[in-house]
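Chemist: Pasting entry29.cif below, which is mmCIF, C-alpha atoms.
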```cif
data_coords
loop_
_atom_site.label_atom_id
_atom_site.label_comp_id
_atom_site.auth_asym_id
_atom_site.auth_seq_id
_atom_site.Cartn_x
_atom_site.Cartn_y
_atom_site.Cartn_z
CA MET A 25 -27.79 -0.85 -30.67
CA ILE A 26 -26.06 -0.57 -27.29
CA ASP A 27 -23.67 2.04 -28.66
CA THR A 28 -26.48 3.93 -30.40
CA LEU A 29 -28.60 4.18 -27.23
CA LYS A 30 -25.54 4.87 -25.05
CA LEU A 31 -26.63 2.23 -22.54
CA PRO A 32 -24.09 1.12 -19.94
CA LYS A 33 -22.67 -2.25 -21.01
CA ASP A 34 -23.36 -3.82 -17.62
CA LEU A 35 -27.09 -3.13 -17.93
CA ALA A 36 -27.36 -3.98 -21.60
CA LYS A 37 -25.55 -7.31 -21.25
CA GLY A 38 -26.75 -8.24 -17.76
CA GLU A 39 -23.22 -8.15 -16.38
CA ALA A 40 -22.37 -7.73 -12.72
CA LEU A 41 -20.19 -4.85 -11.57
CA ILE A 42 -17.57 -5.78 -8.98
CA GLY A 43 -15.54 -3.21 -7.08
CA LEU A 44 -12.83 -3.77 -4.50
CA THR A 45 -11.51 -1.68 -1.67
CA GLY A 46 -8.16 -3.28 -0.97
CA ARG A 47 -8.45 -6.81 0.38
CA GLU A 48 -11.20 -5.98 2.84
CA GLU A 49 -14.34 -5.01 0.89
CA VAL A 50 -16.06 -6.10 -2.29
CA PHE A 51 -19.12 -4.39 -3.79
CA ILE A 52 -21.30 -6.29 -6.25
CA GLU A 53 -24.02 -4.69 -8.36
CA ASN A 54 -26.54 -6.31 -10.73
CA TYR A 55 -26.50 -9.71 -9.06
CA LYS A 56 -29.33 -12.26 -9.09
CA GLY A 57 -28.96 -13.93 -5.69
CA ILE A 58 -26.78 -15.32 -2.92
CA LEU A 59 -26.18 -19.05 -3.40
CA GLU A 60 -23.80 -19.75 -0.49
CA CYS A 61 -22.74 -17.67 2.48
CA THR A 62 -20.25 -18.81 5.12
CA SER A 63 -17.40 -17.07 6.91
CA GLU A 64 -15.00 -18.50 4.27
CA VAL A 65 -17.02 -18.55 1.03
CA VAL A 66 -19.71 -16.36 -0.50
CA THR A 67 -21.09 -17.47 -3.88
CA ILE A 68 -23.23 -15.06 -5.90
CA ALA A 69 -25.35 -15.75 -8.99
CA THR A 70 -25.05 -13.08 -11.67
CA GLY A 71 -26.69 -12.78 -15.06
CA ARG A 72 -23.99 -14.72 -16.89
CA CYS A 73 -21.96 -16.64 -14.31
CA ARG A 74 -21.36 -17.29 -10.64
CA VAL A 75 -18.86 -15.33 -8.59
CA ARG A 76 -17.22 -16.99 -5.60
CA ILE A 77 -15.46 -14.86 -2.98
CA VAL A 78 -13.04 -16.83 -0.82
CA GLY A 79 -11.47 -15.45 2.33
CA LYS A 80 -11.58 -15.32 6.10
CA ASN A 81 -14.19 -13.76 8.40
CA LEU A 82 -16.43 -12.94 5.44
CA LYS A 83 -19.83 -11.42 6.06
CA VAL A 84 -22.43 -9.74 3.91
CA ASN A 85 -22.53 -6.28 5.42
CA TYR A 86 -25.67 -5.27 3.51
CA TYR A 87 -27.62 -6.19 0.42
CA THR A 88 -30.49 -4.75 -1.56
CA ASN A 89 -32.17 -5.92 -4.77
CA ASP A 90 -29.40 -4.18 -6.75
CA GLU A 91 -26.18 -4.27 -4.75
CA MET A 92 -24.32 -5.81 -1.85
CA LYS A 93 -21.19 -5.27 0.22
CA ILE A 94 -19.08 -8.13 1.55
CA GLU A 95 -16.42 -7.51 4.19
CA GLY A 96 -13.60 -9.65 5.52
CA PHE A 97 -10.11 -10.72 4.44
CA LEU A 98 -10.42 -11.40 0.70
CA GLN A 99 -8.17 -14.13 -0.72
CA GLN A 100 -9.73 -15.02 -4.07
CA ILE A 101 -12.45 -13.96 -6.46
CA LEU A 102 -13.41 -16.74 -8.86
CA PHE A 103 -15.68 -16.61 -11.91
CA LEU A 104 -17.43 -19.96 -12.36
#
```
If you convert what's in this file into structure tokens, what do you get?
Modeler:
Amino acid sequence: MIDTLKLPKDLAKGEALIGLTGREEVFIENYKGILECTSEVVTIATGRCRVRIVGKNLKVNYYTNDEMKIEGFLQQILFL
């Protein structure tokens, strides 16, 4: 049905979209909420899992109901 309706897979399956700009920015779309937010760890709830960003000097630059931008020195992105 997804292919027939030509729906984007992220919307149809409730998946998050994660984009990186080098090691300094991460963009997350289709997330459910922020579970943890420190200067070293940001944990995000998505439709199917949790995403943990680990780094230094992390901060949520902005967030809306649909997307967010995290800045800092990114060291790891973990899917939990």
Chemist: Give me the result of the PyMOL selection byres ((chain A and resi 57) around 7) on this file, residue by residue, as a PyMOL selection string.
Modeler: chain A and resi 55-56+58-59+68-69
Chemist: Do you have the CA of Thr62 in chain A-CA of Glu91 in chain A distance handy?
Modeler: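 Separation of CA of Thr62 in chain A and CA of Glu91 in chain A: 18.5 Å.
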Chemist: Expanded to explicit residues, what is the PyMOL selection byres ((chain A and resi 84) around 6) for this file, as a PDB file with C-alpha atoms, keeping the file's coordinate frame?
Modeler:
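Wrote selection_15.pdb, looks like this:
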```pdb
ATOM      1  CA  LYS A  83     -19.830 -11.420   6.060  1.00  0.00           C
ATOM      2  CA  ASN A  85     -22.530  -6.280   5.420  1.00  0.00           C
ATOM      3  CA  TYR A  86     -25.670  -5.270   3.510  1.00  0.00           C
ATOM      4  CA  LYS A  93     -21.190  -5.270   0.220  1.00  0.00           C
ATOM      5  CA  ILE A  94     -19.080  -8.130   1.550  1.00  0.00           C
TER       6      ILE A  94
END
```
Chemist: Write out as an NGL selection string each polymer residue whose atoms come within 12 Å of Thr45 in chain A, counting all atoms listed in the file; drop sequence neighbours fewer than 2 positions from it.
Modeler: :A and (42-43 or 47-52 or 93-98)
Chemist: With C-alpha atoms retained, could you export that selection as a tab-separated table (two decimals), in the coordinates of the input?
Modeler:
```
chain	number	residue	atom	x	y	z
A	42	ILE	CA	-17.57	-5.78	-8.98
A	43	GLY	CA	-15.54	-3.21	-7.08
A	47	ARG	CA	-8.45	-6.81	0.38
A	48	GLU	CA	-11.20	-5.98	2.84
A	49	GLU	CA	-14.34	-5.01	0.89
A	50	VAL	CA	-16.06	-6.10	-2.29
A	51	PHE	CA	-19.12	-4.39	-3.79
A	52	ILE	CA	-21.30	-6.29	-6.25
A	93	LYS	CA	-21.19	-5.27	0.22
A	94	ILE	CA	-19.08	-8.13	1.55
A	95	GLU	CA	-16.42	-7.51	4.19
A	96	GLY	CA	-13.60	-9.65	5.52
A	97	PHE	CA	-10.11	-10.72	4.44
A	98	LEU	CA	-10.42	-11.40	0.70
```
Chemist: Do you have the CA of Gly46 in chain A-CA of Gln99 in chain A distance handy?
Modeler: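 Value for the CA of Gly46 in chain A-CA of Gln99 in chain A distance: 10.9 Å.
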Chemist: Quick one: distance from CA of Glu39 in chain A to CA of Ser63 in chain A in Å, one decimal?
Modeler: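 Separation between CA of Glu39 in chain A and CA of Ser63 in chain A: 25.6 Å.
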Chemist: Please determine, counting all atoms listed in the file, which residue among A:Ala40, A:Glu53, A:Val65, A:Arg74 has the shortest atom-to-atom distance to Tyr87 in chain A.
Modeler: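 Closest to Tyr87 in chain A of all the choices is A:Glu53.
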Chemist: Applied to this file, what does the PyMOL selection byres ((chain A and resi 75) around 9) return in terms of residues, put as number ranges by chain?
Modeler: A: 66-70, 73-74, 76-77, 101-104
Chemist: Would you mind exporting the chosen residues as a PDB file, in the coordinates of the input, restricted to C-alpha atoms?
Modeler:
```
ATOM      1  CA  VAL A  66     -19.710 -16.360  -0.500  1.00  0.00           C
ATOM      2  CA  THR A  67     -21.090 -17.470  -3.880  1.00  0.00           C
ATOM      3  CA  ILE A  68     -23.230 -15.060  -5.900  1.00  0.00           C
ATOM      4  CA  ALA A  69     -25.350 -15.750  -8.990  1.00  0.00           C
ATOM      5  CA  THR A  70     -25.050 -13.080 -11.670  1.00  0.00           C
ATOM      6  CA  CYS A  73     -21.960 -16.640 -14.310  1.00  0.00           C
ATOM      7  CA  ARG A  74     -21.360 -17.290 -10.640  1.00  0.00           C
ATOM      8  CA  ARG A  76     -17.220 -16.990  -5.600  1.00  0.00           C
ATOM      9  CA  ILE A  77     -15.460 -14.860  -2.980  1.00  0.00           C
ATOM     10  CA  ILE A 101     -12.450 -13.960  -6.460  1.00  0.00           C
ATOM     11  CA  LEU A 102     -13.410 -16.740  -8.860  1.00  0.00           C
ATOM     12  CA  PHE A 103     -15.680 -16.610 -11.910  1.00  0.00           C
ATOM     13  CA  LEU A 104     -17.430 -19.960 -12.360  1.00  0.00           C
TER      14      LEU A 104
END
```
Chemist: Would you place a box with edges along x, y and z of the file around all atoms of range 51-58 of chain A listed there, add 4 Å to each of its six sides, and report the centre and edge lengths in Å to one decimal, as JSON?
Modeler:
```
{"center_x": -24.2, "center_y": -9.9, "center_z": -6.8, "size_x": 18.2, "size_y": 18.9, "size_z": 15.8}
```
